[in-house]
file start-v6.pdb (PDB, C-alpha atoms, pLDDT in the B column)
ATOM      1  CA  MET A   1       0.000   0.000   0.000  1.00 86.00           C
ATOM      2  CA  ASP A   2       1.492   3.297  -1.123  1.00 87.00           C
ATOM      3  CA  GLU A   3       0.610   6.538   0.701  1.00 83.00           C
ATOM      4  CA  ALA A   4      -0.243   4.276   3.631  1.00 84.00           C
ATOM      5  CA  ASP A   5      -0.625   7.096   6.130  1.00 83.00           C
ATOM      6  CA  ARG A   6      -3.587   8.475   4.162  1.00 82.00           C
ATOM      7  CA  LEU A   7      -5.141   5.047   3.682  1.00 84.00           C
ATOM      8  CA  PHE A   8      -5.268   4.538   7.450  1.00 81.00           C
ATOM      9  CA  GLU A   9      -7.083   7.810   8.098  1.00 77.00           C
ATOM     10  CA  LEU A  10     -10.822   8.129   8.666  1.00 71.00           C
ATOM     11  CA  GLY A  11     -12.677   7.929   5.383  1.00 78.00           C
ATOM     12  CA  PHE A  12     -10.299   5.335   3.955  1.00 84.00           C
ATOM     13  CA  VAL A  13      -9.633   2.880   6.764  1.00 83.00           C
ATOM     14  CA  GLU A  14     -13.033   1.170   6.423  1.00 86.00           C
ATOM     15  CA  GLN A  15     -12.309   0.438   2.760  1.00 89.00           C
ATOM     16  CA  VAL A  16      -8.834  -0.785   3.674  1.00 86.00           C
ATOM     17  CA  ASP A  17     -10.401  -3.194   6.172  1.00 87.00           C
ATOM     18  CA  THR A  18     -12.650  -4.551   3.407  1.00 91.00           C
ATOM     19  CA  VAL A  19      -9.677  -5.114   1.103  1.00 90.00           C
ATOM     20  CA  MET A  20      -7.616  -6.701   3.889  1.00 86.00           C
ATOM     21  CA  SER A  21     -10.379  -9.120   4.842  1.00 88.00           C
ATOM     22  CA  ALA A  22     -10.702 -10.220   1.203  1.00 92.00           C
ATOM     23  CA  CYS A  23      -6.987 -11.069   0.969  1.00 89.00           C
ATOM     24  CA  THR A  24      -6.834 -14.540   2.509  1.00 89.00           C
ATOM     25  CA  HIS A  25      -3.932 -16.235   0.703  1.00 91.00           C
ATOM     26  CA  ARG A  26      -1.603 -17.870   3.243  1.00 87.00           C
ATOM     27  CA  GLY A  27       1.481 -16.521   1.447  1.00 89.00           C
ATOM     28  CA  LEU A  28       0.273 -12.939   1.462  1.00 88.00           C
ATOM     29  CA  LYS A  29       2.873 -10.305   2.386  1.00 89.00           C
ATOM     30  CA  ARG A  30       1.875  -6.772   3.330  1.00 87.00           C
ATOM     31  CA  ALA A  31       4.069  -3.710   2.833  1.00 88.00           C
ATOM     32  CA  LEU A  32       3.161  -0.102   3.606  1.00 88.00           C
ATOM     33  CA  PHE A  33       4.997   2.860   2.070  1.00 88.00           C
ATOM     34  CA  SER A  34       4.866   6.612   2.620  1.00 83.00           C
ATOM     35  CA  ALA A  35       7.143   9.651   2.792  1.00 81.00           C
ATOM     36  CA  THR A  36       5.479  10.402   6.135  1.00 81.00           C
ATOM     37  CA  MET A  37       4.354   8.010   8.851  1.00 82.00           C
ATOM     38  CA  MET A  38       3.111   9.643  12.032  1.00 79.00           C
ATOM     39  CA  GLN A  39       3.032   7.619  15.256  1.00 79.00           C
ATOM     40  CA  GLY A  40      -0.758   7.266  15.460  1.00 78.00           C
ATOM     41  CA  VAL A  41      -0.988   5.948  11.911  1.00 77.00           C
ATOM     42  CA  GLU A  42       1.930   3.590  12.479  1.00 80.00           C
ATOM     43  CA  THR A  43       0.275   2.172  15.605  1.00 83.00           C
ATOM     44  CA  LEU A  44      -2.927   1.524  13.666  1.00 77.00           C
ATOM     45  CA  ALA A  45      -1.044  -0.001  10.730  1.00 78.00           C
ATOM     46  CA  ARG A  46       0.660  -2.500  13.043  1.00 81.00           C
ATOM     47  CA  THR A  47      -2.748  -4.019  13.835  1.00 81.00           C
ATOM     48  CA  VAL A  48      -2.847  -5.484  10.306  1.00 78.00           C
ATOM     49  CA  LEU A  49       0.806  -6.555  10.163  1.00 83.00           C
ATOM     50  CA  CYS A  50       2.525  -9.631  11.581  1.00 83.00           C
ATOM     51  CA  ASP A  51       5.982  -9.091  13.091  1.00 84.00           C
ATOM     52  CA  PRO A  52       6.605  -5.960  10.990  1.00 86.00           C
ATOM     53  CA  VAL A  53      10.010  -4.549  10.171  1.00 86.00           C
ATOM     54  CA  ARG A  54      10.328  -0.779   9.782  1.00 86.00           C
ATOM     55  CA  LEU A  55      12.781   0.581   7.219  1.00 86.00           C
ATOM     56  CA  THR A  56      13.492   4.315   7.338  1.00 84.00           C
ATOM     57  CA  ILE A  57      15.546   6.124   4.703  1.00 80.00           C
ATOM     58  CA  GLY A  58      16.927   9.419   5.983  1.00 76.00           C
ATOM     59  CA  ALA A  59      15.410  11.392   8.850  1.00 74.00           C
ATOM     60  CA  ARG A  60      11.851  10.499   9.857  1.00 74.00           C
ATOM     61  CA  ASN A  61       9.074  12.713   8.527  1.00 72.00           C
ATOM     62  CA  ALA A  62      11.453  15.198   6.922  1.00 74.00           C
ATOM     63  CA  ALA A  63      12.173  16.439   3.424  1.00 75.00           C
ATOM     64  CA  THR A  64      14.964  14.905   1.373  1.00 78.00           C
ATOM     65  CA  ASN A  65      18.290  16.743   1.439  1.00 81.00           C
ATOM     66  CA  SER A  66      18.410  16.839  -2.385  1.00 86.00           C
ATOM     67  CA  ILE A  67      15.932  19.742  -2.243  1.00 91.00           C
ATOM     68  CA  LYS A  68      17.062  23.310  -1.640  1.00 93.00           C
ATOM     69  CA  GLN A  69      14.377  24.842   0.593  1.00 94.00           C
ATOM     70  CA  GLU A  70      13.615  28.547   0.666  1.00 94.00           C
ATOM     71  CA  LEU A  71      11.152  30.503   2.799  1.00 92.00           C
ATOM     72  CA  LEU A  72      10.206  33.855   1.271  1.00 93.00           C
ATOM     73  CA  PHE A  73       8.291  36.593   3.099  1.00 93.00           C
ATOM     74  CA  VAL A  74       5.973  38.418   0.669  1.00 94.00           C
ATOM     75  CA  SER A  75       4.012  40.519   3.190  1.00 91.00           C
ATOM     76  CA  SER A  76       0.498  40.215   1.719  1.00 91.00           C
ATOM     77  CA  GLU A  77      -1.694  38.382  -0.766  1.00 90.00           C
ATOM     78  CA  ASP A  78      -0.886  40.942  -3.471  1.00 92.00           C
ATOM     79  CA  GLY A  79       2.778  40.444  -2.655  1.00 94.00           C
ATOM     80  CA  LYS A  80       2.564  36.809  -3.720  1.00 96.00           C
ATOM     81  CA  LEU A  81       1.668  37.640  -7.308  1.00 95.00           C
ATOM     82  CA  LEU A  82       4.246  40.413  -7.473  1.00 95.00           C
ATOM     83  CA  ALA A  83       6.981  38.158  -6.067  1.00 96.00           C
ATOM     84  CA  PHE A  84       6.137  35.368  -8.481  1.00 96.00           C
ATOM     85  CA  ARG A  85       6.226  37.653 -11.512  1.00 95.00           C
ATOM     86  CA  GLN A  86       9.589  39.017 -10.384  1.00 95.00           C
ATOM     87  CA  MET A  87      10.914  35.466 -10.013  1.00 95.00           C
ATOM     88  CA  ILE A  88       9.800  34.661 -13.559  1.00 94.00           C
ATOM     89  CA  GLN A  89      11.546  37.770 -14.880  1.00 93.00           C
ATOM     90  CA  ARG A  90      14.780  36.850 -13.100  1.00 93.00           C
ATOM     91  CA  GLY A  91      14.574  33.299 -14.436  1.00 92.00           C
ATOM     92  CA  LEU A  92      12.870  30.494 -12.548  1.00 91.00           C
ATOM     93  CA  ALA A  93      13.780  26.901 -13.368  1.00 93.00           C
ATOM     94  CA  VAL A  94      10.901  25.036 -14.999  1.00 93.00           C
ATOM     95  CA  PRO A  95       9.057  22.653 -15.049  1.00 95.00           C
ATOM     96  CA  LEU A  96       7.358  24.249 -12.042  1.00 96.00           C
ATOM     97  CA  LEU A  97       4.534  23.036  -9.810  1.00 96.00           C
ATOM     98  CA  ILE A  98       2.591  25.712  -7.907  1.00 96.00           C
ATOM     99  CA  PHE A  99       0.567  24.549  -4.889  1.00 96.00           C
ATOM    100  CA  VAL A 100      -2.402  26.518  -3.582  1.00 95.00           C
ATOM    101  CA  GLN A 101      -4.856  25.766  -0.807  1.00 93.00           C
ATOM    102  CA  SER A 102      -8.109  25.184  -2.748  1.00 93.00           C
ATOM    103  CA  LYS A 103      -9.557  24.614  -6.196  1.00 92.00           C
ATOM    104  CA  GLU A 104     -10.985  28.153  -6.144  1.00 95.00           C
ATOM    105  CA  ARG A 105      -7.523  29.555  -5.442  1.00 95.00           C
ATOM    106  CA  ALA A 106      -6.041  27.425  -8.223  1.00 94.00           C
ATOM    107  CA  GLN A 107      -8.516  28.743 -10.785  1.00 94.00           C
ATOM    108  CA  GLN A 108      -8.062  32.359  -9.647  1.00 95.00           C
ATOM    109  CA  LEU A 109      -4.278  32.158 -10.005  1.00 96.00           C
ATOM    110  CA  TYR A 110      -4.598  30.515 -13.414  1.00 95.00           C
ATOM    111  CA  ASN A 111      -6.889  33.341 -14.558  1.00 94.00           C
ATOM    112  CA  GLU A 112      -4.182  35.823 -13.508  1.00 93.00           C
ATOM    113  CA  LEU A 113      -1.249  34.035 -15.150  1.00 94.00           C
ATOM    114  CA  VAL A 114      -2.819  32.815 -18.371  1.00 91.00           C
ATOM    115  CA  TYR A 115      -2.477  36.316 -19.854  1.00 89.00           C
ATOM    116  CA  ASP A 116       1.199  36.670 -18.850  1.00 92.00           C
ATOM    117  CA  ASN A 117       2.384  34.774 -21.932  1.00 87.00           C
ATOM    118  CA  LEU A 118       3.359  31.763 -19.805  1.00 92.00           C
ATOM    119  CA  GLN A 119       2.872  28.115 -20.715  1.00 94.00           C
ATOM    120  CA  VAL A 120       0.572  27.519 -17.736  1.00 96.00           C
ATOM    121  CA  ASP A 121      -2.251  25.105 -16.933  1.00 96.00           C
ATOM    122  CA  VAL A 122      -4.343  24.235 -13.888  1.00 95.00           C
ATOM    123  CA  ILE A 123      -5.543  20.981 -12.351  1.00 92.00           C
ATOM    124  CA  HIS A 124      -8.129  20.597  -9.584  1.00 89.00           C
ATOM    125  CA  ALA A 125     -11.139  18.523  -8.581  1.00 86.00           C
ATOM    126  CA  ASP A 126     -13.660  20.583 -10.581  1.00 89.00           C
ATOM    127  CA  ARG A 127     -11.978  19.698 -13.873  1.00 90.00           C
ATOM    128  CA  THR A 128     -13.070  16.538 -15.686  1.00 91.00           C
ATOM    129  CA  GLN A 129     -10.929  13.417 -15.652  1.00 91.00           C
ATOM    130  CA  HIS A 130     -10.120  14.017 -19.327  1.00 95.00           C
ATOM    131  CA  GLN A 131      -9.020  17.594 -18.626  1.00 93.00           C
ATOM    132  CA  ARG A 132      -6.824  16.481 -15.727  1.00 91.00           C
ATOM    133  CA  THR A 133      -5.259  13.710 -17.804  1.00 92.00           C
ATOM    134  CA  GLU A 134      -4.533  16.134 -20.641  1.00 95.00           C
ATOM    135  CA  SER A 135      -2.961  18.669 -18.240  1.00 93.00           C
ATOM    136  CA  ILE A 136      -0.652  16.018 -16.804  1.00 92.00           C
ATOM    137  CA  LYS A 137       0.225  14.752 -20.287  1.00 93.00           C
ATOM    138  CA  LYS A 138       1.123  18.268 -21.495  1.00 94.00           C
ATOM    139  CA  PHE A 139       3.177  18.951 -18.370  1.00 93.00           C
ATOM    140  CA  ARG A 140       5.141  15.756 -18.835  1.00 91.00           C
ATOM    141  CA  ALA A 141       5.632  16.486 -22.558  1.00 92.00           C
ATOM    142  CA  GLY A 142       6.962  19.986 -21.827  1.00 92.00           C
ATOM    143  CA  THR A 143       4.266  21.918 -23.694  1.00 94.00           C
ATOM    144  CA  VAL A 144       3.116  23.207 -20.285  1.00 95.00           C
ATOM    145  CA  TRP A 145       5.902  24.623 -18.088  1.00 95.00           C
ATOM    146  CA  ILE A 146       3.878  25.674 -15.061  1.00 96.00           C
ATOM    147  CA  LEU A 147       1.129  23.576 -13.482  1.00 96.00           C
ATOM    148  CA  ILE A 148      -1.078  25.103 -10.779  1.00 96.00           C
ATOM    149  CA  CYS A 149      -2.585  22.514  -8.460  1.00 93.00           C
ATOM    150  CA  THR A 150      -3.957  21.659  -5.031  1.00 91.00           C
ATOM    151  CA  ASP A 151      -2.782  18.966  -2.612  1.00 87.00           C
ATOM    152  CA  LEU A 152      -4.546  16.546  -4.964  1.00 79.00           C
ATOM    153  CA  MET A 153      -1.203  16.477  -6.832  1.00 82.00           C
ATOM    154  CA  ALA A 154       1.027  16.246  -3.769  1.00 80.00           C
ATOM    155  CA  ARG A 155       0.864  12.456  -3.641  1.00 81.00           C
ATOM    156  CA  GLY A 156       0.972   9.499  -5.951  1.00 69.00           C
ATOM    157  CA  ILE A 157       2.161  11.153  -9.181  1.00 77.00           C
ATOM    158  CA  ASP A 158       5.802  10.960 -10.205  1.00 79.00           C
ATOM    159  CA  PHE A 159       7.084  13.866 -12.318  1.00 83.00           C
ATOM    160  CA  ILE A 160      10.731  12.994 -12.886  1.00 80.00           C
ATOM    161  CA  GLY A 161      11.888  16.353 -14.217  1.00 87.00           C
ATOM    162  CA  VAL A 162      10.230  18.921 -11.910  1.00 93.00           C
ATOM    163  CA  ASN A 163      12.897  21.505 -11.086  1.00 94.00           C
ATOM    164  CA  THR A 164      10.915  23.785  -8.792  1.00 96.00           C
ATOM    165  CA  VAL A 165       7.966  23.571  -6.411  1.00 96.00           C
ATOM    166  CA  LEU A 166       6.339  26.793  -5.231  1.00 97.00           C
ATOM    167  CA  ASN A 167       4.090  26.783  -2.173  1.00 97.00           C
ATOM    168  CA  TYR A 168       2.105  29.827  -3.250  1.00 97.00           C
ATOM    169  CA  ASP A 169      -0.224  29.226  -0.303  1.00 96.00           C
ATOM    170  CA  PHE A 170       1.355  28.249   2.993  1.00 94.00           C
ATOM    171  CA  PRO A 171       0.961  24.495   3.738  1.00 92.00           C
ATOM    172  CA  GLN A 172      -1.370  23.686   6.613  1.00 87.00           C
ATOM    173  CA  SER A 173       0.765  20.894   8.084  1.00 85.00           C
ATOM    174  CA  THR A 174       4.223  19.383   8.079  1.00 85.00           C
ATOM    175  CA  VAL A 175       2.875  16.354   6.214  1.00 86.00           C
ATOM    176  CA  SER A 176       1.400  18.542   3.473  1.00 88.00           C
ATOM    177  CA  TYR A 177       4.694  20.420   3.140  1.00 91.00           C
ATOM    178  CA  ILE A 178       6.802  17.264   2.852  1.00 89.00           C
ATOM    179  CA  HIS A 179       4.573  15.707   0.202  1.00 88.00           C
ATOM    180  CA  ARG A 180       4.271  18.910  -1.816  1.00 92.00           C
ATOM    181  CA  ILE A 181       7.986  19.579  -2.094  1.00 91.00           C
ATOM    182  CA  GLY A 182       8.597  15.864  -2.645  1.00 88.00           C
ATOM    183  CA  ARG A 183       7.439  16.351  -6.244  1.00 90.00           C
ATOM    184  CA  THR A 184      10.943  17.693  -6.955  1.00 91.00           C
ATOM    185  CA  GLY A 185      14.388  16.338  -6.078  1.00 87.00           C
ATOM    186  CA  ARG A 186      13.310  12.799  -6.927  1.00 84.00           C
ATOM    187  CA  ALA A 187      15.517   9.755  -7.559  1.00 80.00           C
ATOM    188  CA  GLY A 188      18.711  11.560  -6.577  1.00 81.00           C
ATOM    189  CA  ARG A 189      18.046  14.672  -8.662  1.00 87.00           C
ATOM    190  CA  LYS A 190      18.375  18.183  -7.266  1.00 92.00           C
ATOM    191  CA  GLY A 191      15.290  20.315  -6.701  1.00 93.00           C
ATOM    192  CA  HIS A 192      14.235  23.701  -5.394  1.00 96.00           C
ATOM    193  CA  ALA A 193      11.261  24.372  -3.121  1.00 95.00           C
ATOM    194  CA  ILE A 194      10.081  27.925  -2.404  1.00 96.00           C
ATOM    195  CA  THR A 195       7.406  28.743   0.177  1.00 95.00           C
ATOM    196  CA  PHE A 196       5.665  32.108   0.340  1.00 95.00           C
ATOM    197  CA  PHE A 197       4.434  33.378   3.684  1.00 91.00           C
ATOM    198  CA  THR A 198       2.613  36.560   4.637  1.00 91.00           C
ATOM    199  CA  GLU A 199       1.797  38.543   7.768  1.00 88.00           C
ATOM    200  CA  THR A 200      -1.330  36.385   8.141  1.00 85.00           C
ATOM    201  CA  ASP A 201       0.694  33.180   7.935  1.00 82.00           C
ATOM    202  CA  LYS A 202       3.075  34.459  10.632  1.00 68.00           C
ATOM    203  CA  VAL A 203       0.177  34.695  13.042  1.00 56.00           C
ATOM    204  CA  CYS A 204      -1.869  31.583  12.308  1.00 53.00           C
ATOM    205  CA  SER A 205       0.579  29.045  10.838  1.00 53.00           C
ATOM    206  CA  ASN A 206       2.165  26.071  12.539  1.00 49.00           C
ATOM    207  CA  MET A 207       5.470  26.867  10.865  1.00 46.00           C
ATOM    208  CA  HIS A 208       7.432  26.072  14.019  1.00 43.00           C
ATOM    209  CA  ILE A 209       6.770  22.331  13.609  1.00 39.00           C
ATOM    210  CA  TRP A 210       8.254  22.108  10.141  1.00 44.00           C
ATOM    211  CA  ALA A 211      10.942  19.517   9.646  1.00 41.00           C
ATOM    212  CA  LEU A 212      13.077  21.500   7.208  1.00 43.00           C
ATOM    213  CA  GLY A 213      16.257  19.677   6.378  1.00 41.00           C
ATOM    214  CA  SER A 214      17.329  16.211   5.334  1.00 38.00           C
ATOM    215  CA  GLY A 215      15.329  13.025   5.081  1.00 40.00           C
ATOM    216  CA  ALA A 216      13.323  10.927   2.668  1.00 40.00           C
ATOM    217  CA  GLY A 217      10.630   8.269   2.682  1.00 41.00           C
ATOM    218  CA  HIS A 218       9.584   5.550   5.053  1.00 38.00           C
ATOM    219  CA  ALA A 219       8.431   1.993   4.644  1.00 39.00           C
ATOM    220  CA  LEU A 220       6.785  -0.258   7.195  1.00 38.00           C
TER     221      LEU A 220
END

call {"tool": "encode", "arguments": {"input": "start-v6.pdb", "output": "structure tokens"}}
result
Amino acid sequence: MDEADRLFELGFVEQVDTVMSACTHRGLKRALFSATMMQGVETLARTVLCDPVRLTIGARNAATNSIKQELLFVSSEDGKLLAFRQMIQRGLAVPLLIFVQSKERAQQLYNELVYDNLQVDVIHADRTQHQRTESIKKFRAGTVWILICTDLMARGIDFIGVNTVLNYDFPQSTVSYIHRIGRTGRAGRKGHAITFFTETDKVCSNMHIWALGSGAGHAL
């Protein structure tokens, strides 16, 4: 099971139980994988494993050290758009994934950038499966350089050549941060992750619990 920490959360765990109970072969082996594995999830996962062995690569629940991480103060919401446009003018390494907090935010940012003569597209839950598939295909082919997305894209999709990840909206948890920036710096490659934060984020964020530094994925 990949992304095992999500599969053992409420909303998924009942379905996991159904799958587990249907797997009755005596030679069955179970393996759980995730870049993050919090203690509560790990405790629950052990209830379906027999004599498990935990393999950890790098520091637990931390980002891989192949990613250069940058925290950029942009003051306000308007400052985000200004900072991004300045970064593009200076030269920002593409392909680039931009993460925002909601599908509404994703569409709003796309509507701003589509007229900036950028090869940009957007992917979120309100788009059809065909539209999402086409966006991913174009991004992988290089006809789209910038893909705006929500946390829907933070897990389960492997883009080998992503050079930069931009957290346009501040991540709401350490887990979200690790999975978002994990779209770059994959398979030994170097990557760059930039996170915007504003005066509002300084007040209400849980930035102090971030595990910025080295680390990678975990298997149980």

call {"tool": "resolve_selection", "arguments": {"input": "start-v6.pdb", "expression": "the PyMOL selection byres ((chain A and resi 44) around 12)", "output": "PyMOL selection string"}}
result
chain A and resi 4-10+13+16-17+32+37-43+45-49+220

call {"tool": "write_last_selection", "arguments": {"input": "start-v6.pdb", "atoms": "C-alpha atoms", "output": "PDB file, in the coordinates of the input"}}
result
ATOM      1  CA  ALA A   4      -0.243   4.276   3.631  1.00 84.00           C
ATOM      2  CA  ASP A   5      -0.625   7.096   6.130  1.00 83.00           C
ATOM      3  CA  ARG A   6      -3.587   8.475   4.162  1.00 82.00           C
ATOM      4  CA  LEU A   7      -5.141   5.047   3.682  1.00 84.00           C
ATOM      5  CA  PHE A   8      -5.268   4.538   7.450  1.00 81.00           C
ATOM      6  CA  GLU A   9      -7.083   7.810   8.098  1.00 77.00           C
ATOM      7  CA  LEU A  10     -10.822   8.129   8.666  1.00 71.00           C
ATOM      8  CA  VAL A  13      -9.633   2.880   6.764  1.00 83.00           C
ATOM      9  CA  VAL A  16      -8.834  -0.785   3.674  1.00 86.00           C
ATOM     10  CA  ASP A  17     -10.401  -3.194   6.172  1.00 87.00           C
ATOM     11  CA  LEU A  32       3.161  -0.102   3.606  1.00 88.00           C
ATOM     12  CA  MET A  37       4.354   8.010   8.851  1.00 82.00           C
ATOM     13  CA  MET A  38       3.111   9.643  12.032  1.00 79.00           C
ATOM     14  CA  GLN A  39       3.032   7.619  15.256  1.00 79.00           C
ATOM     15  CA  GLY A  40      -0.758   7.266  15.460  1.00 78.00           C
ATOM     16  CA  VAL A  41      -0.988   5.948  11.911  1.00 77.00           C
ATOM     17  CA  GLU A  42       1.930   3.590  12.479  1.00 80.00           C
ATOM     18  CA  THR A  43       0.275   2.172  15.605  1.00 83.00           C
ATOM     19  CA  ALA A  45      -1.044  -0.001  10.730  1.00 78.00           C
ATOM     20  CA  ARG A  46       0.660  -2.500  13.043  1.00 81.00           C
ATOM     21  CA  THR A  47      -2.748  -4.019  13.835  1.00 81.00           C
ATOM     22  CA  VAL A  48      -2.847  -5.484  10.306  1.00 78.00           C
ATOM     23  CA  LEU A  49       0.806  -6.555  10.163  1.00 83.00           C
ATOM     24  CA  LEU A 220       6.785  -0.258   7.195  1.00 38.00           C
TER      25      LEU A 220
END

call {"tool": "atom_distance", "arguments": {"input": "start-v6.pdb", "atom1": "atom CA of Lys190 of chain A", "atom2": "atom CA of Asp2 of chain A"}}
result
23.3 Å

call {"tool": "closest_residue", "arguments": {"input": "start-v6.pdb", "among": "A:Asp151, A:Asp126, A:Glu3, A:Glu134", "to": "Pro171 of chain A", "atoms": "only C-alpha atoms"}}
result
A:Asp151

call {"tool": "resolve_selection", "arguments": {"input": "start-v6.pdb", "expression": "the PyMOL selection byres ((chain A and resi 64-81) around 6)", "output": "ChimeraX atom specification"}}
result
/A:63,82-84,185,190-199,214-216

call {"tool": "atom_distance", "arguments": {"input": "start-v6.pdb", "atom1": "atom CA of Asn117 of chain A", "atom2": "atom CA of Glu104 of chain A"}}
result
21.7 Å

call {"tool": "atom_distance", "arguments": {"input": "start-v6.pdb", "atom1": "atom CA of Arg90 of chain A", "atom2": "atom CA of Ser102 of chain A"}}
result
27.7 Å

call {"tool": "closest_residue", "arguments": {"input": "start-v6.pdb", "among": "A:Thr56, A:Thr164, A:Thr128, A:Thr18", "to": "Ile88 of chain A", "atoms": "all atoms listed in the file"}}
result
A:Thr164

call {"tool": "residues_around", "arguments": {"input": "start-v6.pdb", "residues": "Lys103 of chain A", "least_positions_apart": "4", "cutoff": "8 Å", "atoms": "only C-alpha atoms", "output": "ChimeraX atom specification"}}
result
/A:107,124-126,149-150

call {"tool": "residues_around", "arguments": {"input": "start-v6.pdb", "residues": "Val100 of chain A", "least_positions_apart": "5", "cutoff": "6 Å", "atoms": "all atoms listed in the file", "output": "PyMOL selection string"}}
result
chain A and resi 106+150+168-169

call {"tool": "resolve_selection", "arguments": {"input": "start-v6.pdb", "expression": "the PyMOL selection byres ((chain A and resi 135) around 8)", "output": "MDAnalysis selection string"}}
result
chainID A and resid 121:123 131:134 136:139 144 147

call {"tool": "residues_around", "arguments": {"input": "start-v6.pdb", "residues": "Val175 of chain A", "least_positions_apart": "3", "cutoff": "9 Å", "atoms": "all atoms listed in the file", "output": "ChimeraX atom specification"}}
result
/A:35-38,61-62,171-172,178-180,210

call {"tool": "closest_residue", "arguments": {"input": "start-v6.pdb", "among": "A:Ser34, A:Thr184, A:Ala22, A:Gly27", "to": "Met1 of chain A", "atoms": "all atoms listed in the file"}}
result
A:Ser34

call {"tool": "closest_residue", "arguments": {"input": "start-v6.pdb", "among": "A:Met20, A:Ile148, A:Val94, A:Met153", "to": "Glu112 of chain A", "atoms": "only C-alpha atoms"}}
result
A:Ile148

call {"tool": "closest_residue", "arguments": {"input": "start-v6.pdb", "among": "A:Asp116, A:Leu97, A:Tyr110, A:Gly11", "to": "Arg85 of chain A", "atoms": "all atoms listed in the file"}}
result
A:Asp116

call {"tool": "closest_residue", "arguments": {"input": "start-v6.pdb", "among": "A:Ser176, A:Gly58, A:Gln129, A:Pro95", "to": "Arg155 of chain A", "atoms": "all atoms listed in the file"}}
result
A:Ser176
